[in-house]
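As stored in query35.pdb (PDB, C-alpha atoms, pLDDT in the B column):
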ATOM      1  CA  MET I 189     194.136 -13.810 -24.955  1.00 69.00           C
ATOM      2  CA  PRO I 190     190.768 -14.723 -23.444  1.00 86.00           C
ATOM      3  CA  MET I 191     189.755 -18.339 -23.025  1.00 95.00           C
ATOM      4  CA  ARG I 192     186.374 -19.517 -24.298  1.00 97.00           C
ATOM      5  CA  THR I 193     184.455 -22.569 -23.133  1.00 98.00           C
ATOM      6  CA  GLU I 194     181.943 -24.678 -25.050  1.00 98.00           C
ATOM      7  CA  ARG I 195     179.791 -27.629 -23.980  1.00 98.00           C
ATOM      8  CA  LEU I 196     180.435 -30.851 -25.895  1.00 98.00           C
ATOM      9  CA  ASP I 197     177.484 -32.498 -27.604  1.00 95.00           C
ATOM     10  CA  LEU I 198     177.879 -36.283 -27.406  1.00 96.00           C
ATOM     11  CA  PRO I 199     175.440 -39.180 -27.832  1.00 94.00           C
ATOM     12  CA  GLY I 200     173.722 -40.217 -24.592  1.00 91.00           C
ATOM     13  CA  PRO I 201     174.857 -43.241 -22.581  1.00 90.00           C
ATOM     14  CA  TRP I 202     172.077 -45.402 -24.098  1.00 90.00           C
ATOM     15  CA  ASP I 203     173.520 -45.037 -27.627  1.00 91.00           C
ATOM     16  CA  PRO I 204     174.552 -48.426 -29.067  1.00 90.00           C
ATOM     17  CA  LEU I 205     177.918 -47.049 -30.219  1.00 86.00           C
ATOM     18  CA  TYR I 206     179.223 -47.534 -26.665  1.00 89.00           C
ATOM     19  CA  ALA I 207     178.298 -51.242 -26.547  1.00 84.00           C
ATOM     20  CA  GLY I 208     181.636 -52.451 -27.895  1.00 83.00           C
ATOM     21  CA  HIS I 209     183.773 -49.783 -26.268  1.00 83.00           C
ATOM     22  CA  PHE I 210     184.134 -51.495 -23.732  1.00 83.00           C
ATOM     23  CA  PRO I 211     181.635 -54.187 -22.688  1.00 80.00           C
ATOM     24  CA  GLY I 212     180.867 -53.946 -18.979  1.00 83.00           C
ATOM     25  CA  ARG I 213     182.550 -50.547 -18.622  1.00 87.00           C
ATOM     26  CA  PRO I 214     181.641 -48.289 -21.540  1.00 92.00           C
ATOM     27  CA  LEU I 215     183.957 -45.398 -22.354  1.00 94.00           C
ATOM     28  CA  ILE I 216     183.699 -42.501 -24.773  1.00 95.00           C
ATOM     29  CA  PRO I 217     185.945 -43.427 -27.726  1.00 94.00           C
ATOM     30  CA  GLY I 218     188.820 -40.990 -28.184  1.00 95.00           C
ATOM     31  CA  ALA I 219     187.896 -40.284 -31.814  1.00 95.00           C
ATOM     32  CA  LEU I 220     184.334 -39.360 -30.782  1.00 96.00           C
ATOM     33  CA  LEU I 221     185.583 -37.136 -27.959  1.00 97.00           C
ATOM     34  CA  LEU I 222     188.042 -35.386 -30.259  1.00 97.00           C
ATOM     35  CA  ASP I 223     185.439 -34.903 -32.993  1.00 96.00           C
ATOM     36  CA  ALA I 224     182.995 -33.318 -30.516  1.00 97.00           C
ATOM     37  CA  ALA I 225     185.714 -31.030 -29.135  1.00 98.00           C
ATOM     38  CA  LEU I 226     186.800 -29.875 -32.599  1.00 97.00           C
ATOM     39  CA  ARG I 227     183.193 -29.244 -33.672  1.00 97.00           C
ATOM     40  CA  ALA I 228     182.574 -27.168 -30.523  1.00 98.00           C
ATOM     41  CA  ILE I 229     185.777 -25.159 -31.040  1.00 97.00           C
ATOM     42  CA  GLY I 230     184.981 -24.558 -34.710  1.00 96.00           C
ATOM     43  CA  ALA I 231     181.454 -23.386 -33.897  1.00 97.00           C
ATOM     44  CA  GLY I 232     182.598 -21.250 -30.963  1.00 96.00           C
ATOM     45  CA  ARG I 233     185.345 -19.549 -32.963  1.00 96.00           C
ATOM     46  CA  GLY I 234     183.617 -19.449 -36.328  1.00 95.00           C
ATOM     47  CA  LEU I 235     186.463 -21.468 -37.853  1.00 93.00           C
ATOM     48  CA  VAL I 236     186.424 -23.949 -40.702  1.00 91.00           C
ATOM     49  CA  LEU I 237     188.711 -26.544 -39.167  1.00 92.00           C
ATOM     50  CA  THR I 238     189.406 -28.277 -42.469  1.00 90.00           C
ATOM     51  CA  GLN I 239     192.076 -25.585 -42.824  1.00 88.00           C
ATOM     52  CA  TRP I 240     193.696 -26.621 -39.525  1.00 94.00           C
ATOM     53  CA  GLU I 241     195.721 -29.606 -38.378  1.00 95.00           C
ATOM     54  CA  LEU I 242     195.901 -31.322 -35.043  1.00 96.00           C
ATOM     55  CA  ALA I 243     199.483 -30.675 -33.952  1.00 97.00           C
ATOM     56  CA  GLN I 244     199.141 -32.708 -30.763  1.00 97.00           C
ATOM     57  CA  VAL I 245     196.555 -34.390 -28.590  1.00 98.00           C
ATOM     58  CA  LYS I 246     196.791 -36.287 -25.338  1.00 98.00           C
ATOM     59  CA  PHE I 247     193.989 -38.249 -23.736  1.00 98.00           C
ATOM     60  CA  LEU I 248     194.387 -37.888 -19.983  1.00 98.00           C
ATOM     61  CA  ALA I 249     191.555 -39.872 -18.418  1.00 97.00           C
ATOM     62  CA  PRO I 250     188.932 -42.372 -19.535  1.00 95.00           C
ATOM     63  CA  THR I 251     185.423 -40.922 -19.462  1.00 95.00           C
ATOM     64  CA  ALA I 252     182.088 -42.711 -19.172  1.00 94.00           C
ATOM     65  CA  PRO I 253     179.194 -41.901 -21.509  1.00 95.00           C
ATOM     66  CA  GLY I 254     176.818 -39.351 -20.010  1.00 94.00           C
ATOM     67  CA  ALA I 255     179.547 -37.237 -18.395  1.00 95.00           C
ATOM     68  CA  ALA I 256     179.075 -33.487 -18.832  1.00 97.00           C
ATOM     69  CA  LEU I 257     182.096 -32.328 -20.826  1.00 98.00           C
ATOM     70  CA  HIS I 258     183.326 -28.869 -21.778  1.00 98.00           C
ATOM     71  CA  VAL I 259     186.205 -27.708 -23.938  1.00 98.00           C
ATOM     72  CA  ALA I 260     188.155 -24.567 -23.042  1.00 98.00           C
ATOM     73  CA  HIS I 261     190.192 -23.046 -25.874  1.00 98.00           C
ATOM     74  CA  GLN I 262     192.376 -20.026 -26.405  1.00 97.00           C
ATOM     75  CA  TRP I 263     194.741 -18.505 -28.937  1.00 97.00           C
ATOM     76  CA  ARG I 264     198.441 -18.713 -28.235  1.00 96.00           C
ATOM     77  CA  GLY I 265     200.925 -16.033 -29.199  1.00 94.00           C
ATOM     78  CA  ASP I 266     202.205 -18.140 -32.115  1.00 96.00           C
ATOM     79  CA  GLY I 267     198.742 -18.302 -33.739  1.00 94.00           C
ATOM     80  CA  ALA I 268     198.014 -21.843 -32.578  1.00 97.00           C
ATOM     81  CA  LEU I 269     194.870 -22.705 -30.656  1.00 97.00           C
ATOM     82  CA  SER I 270     195.233 -24.749 -27.472  1.00 98.00           C
ATOM     83  CA  PHE I 271     192.347 -26.669 -25.965  1.00 98.00           C
ATOM     84  CA  LEU I 272     191.487 -28.604 -22.824  1.00 98.00           C
ATOM     85  CA  VAL I 273     188.515 -30.956 -22.368  1.00 98.00           C
ATOM     86  CA  ARG I 274     187.232 -31.219 -18.799  1.00 98.00           C
ATOM     87  CA  SER I 275     184.638 -33.157 -16.875  1.00 97.00           C
ATOM     88  CA  ALA I 276     183.500 -32.584 -13.284  1.00 96.00           C
ATOM     89  CA  GLU I 277     186.232 -35.052 -12.247  1.00 95.00           C
ATOM     90  CA  GLY I 278     189.072 -33.194 -13.981  1.00 97.00           C
ATOM     91  CA  GLU I 279     191.026 -33.013 -17.230  1.00 98.00           C
ATOM     92  CA  VAL I 280     190.081 -35.506 -19.929  1.00 98.00           C
ATOM     93  CA  ALA I 281     192.133 -34.444 -22.976  1.00 98.00           C
ATOM     94  CA  ARG I 282     194.244 -31.585 -24.247  1.00 98.00           C
ATOM     95  CA  GLY I 283     195.623 -30.597 -27.587  1.00 98.00           C
ATOM     96  CA  LEU I 284     196.882 -28.009 -30.005  1.00 98.00           C
ATOM     97  CA  LEU I 285     195.587 -26.892 -33.397  1.00 98.00           C
ATOM     98  CA  ARG I 286     197.701 -25.125 -36.014  1.00 97.00           C
ATOM     99  CA  ARG I 287     196.821 -23.699 -39.408  1.00 94.00           C
ATOM    100  CA  ALA I 288     197.593 -26.280 -42.048  1.00 90.00           C
ATOM    101  CA  ALA I 289     200.321 -25.488 -44.543  1.00 84.00           C
ATOM    102  CA  PRO I 290     198.948 -24.882 -48.016  1.00 79.00           C
ATOM    103  CA  PRO I 291     199.393 -27.895 -50.294  1.00 76.00           C
ATOM    104  CA  PRO I 292     202.262 -27.660 -52.761  1.00 78.00           C
ATOM    105  CA  ASP I 293     201.289 -26.730 -56.300  1.00 74.00           C
ATOM    106  CA  ALA I 294     200.757 -29.680 -58.589  1.00 46.00           C
ATOM    107  CA  PRO I 295     203.383 -29.946 -61.374  1.00 52.00           C
TER     108      PRO I 295
END

Could I get this structure in the form of structure tokens?
Amino acid sequence: MPMRTERLDLPGPWDPLYAGHFPGRPLIPGALLLDAALRAIGAGRGLVLTQWELAQVKFLAPTAPGAALHVAHQWRGDGALSFLVRSAEGEVARGLLRRAAPPPDAP
């Protein structure tokens, strides 16, 4: 199945949210990176990701604010969606999305 790539939209390096993460050497918080990747995948695929669950994620390299990041994503044969976040320096994070199981009926 073909792979698609989307640019991540993150706050610029001047944003105060980086001040405490970490002083002297700011890094993009993992939750912010993951949120941006999931938003880009959802928009690129036309998916409502509230119906999906994050089956796995691995952060591979710390990334400084201001880095140009892209997320590549593709369907797997089992219906899951794999993704890889990259910067010019290499792989930053990877993960796997699966459709969430429907909630059990309430008694």

Residues matched by the PyMOL selection byres ((chain I and resi 241-255) around 6), written as a PDB file with C-alpha atoms, in the frame of the given file:
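So the final result, stored in out.pdb, reads:
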ATOM      1  CA  GLY I 200     173.722 -40.217 -24.592  1.00 91.00           C
ATOM      2  CA  PRO I 201     174.857 -43.241 -22.581  1.00 90.00           C
ATOM      3  CA  LEU I 215     183.957 -45.398 -22.354  1.00 94.00           C
ATOM      4  CA  ILE I 216     183.699 -42.501 -24.773  1.00 95.00           C
ATOM      5  CA  TRP I 240     193.696 -26.621 -39.525  1.00 94.00           C
ATOM      6  CA  ALA I 256     179.075 -33.487 -18.832  1.00 97.00           C
ATOM      7  CA  VAL I 280     190.081 -35.506 -19.929  1.00 98.00           C
ATOM      8  CA  ALA I 281     192.133 -34.444 -22.976  1.00 98.00           C
ATOM      9  CA  ARG I 282     194.244 -31.585 -24.247  1.00 98.00           C
ATOM     10  CA  GLY I 283     195.623 -30.597 -27.587  1.00 98.00           C
ATOM     11  CA  LEU I 284     196.882 -28.009 -30.005  1.00 98.00           C
ATOM     12  CA  LEU I 285     195.587 -26.892 -33.397  1.00 98.00           C
ATOM     13  CA  ARG I 286     197.701 -25.125 -36.014  1.00 97.00           C
ATOM     14  CA  ALA I 288     197.593 -26.280 -42.048  1.00 90.00           C
TER      15      ALA I 288
END

Point-to-point distance in Å for atom CA of Tyr206 of chain I and atom CA of Leu220 of chain I: 10.5 Å

Chain and number of each residue from the PyMOL selection byres ((chain I and resi 233) around 12), as a PyMOL selection string: chain I and resi 190-194+226-232+234-237+260-263+269

d(atom CA of Leu196 of chain I, atom CA of Phe271 of chain I) in Å: 12.6 Å

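Note that atom CA of Arg287 of chain I and atom CA of Ala219 of chain I are 20.3 Å apart.
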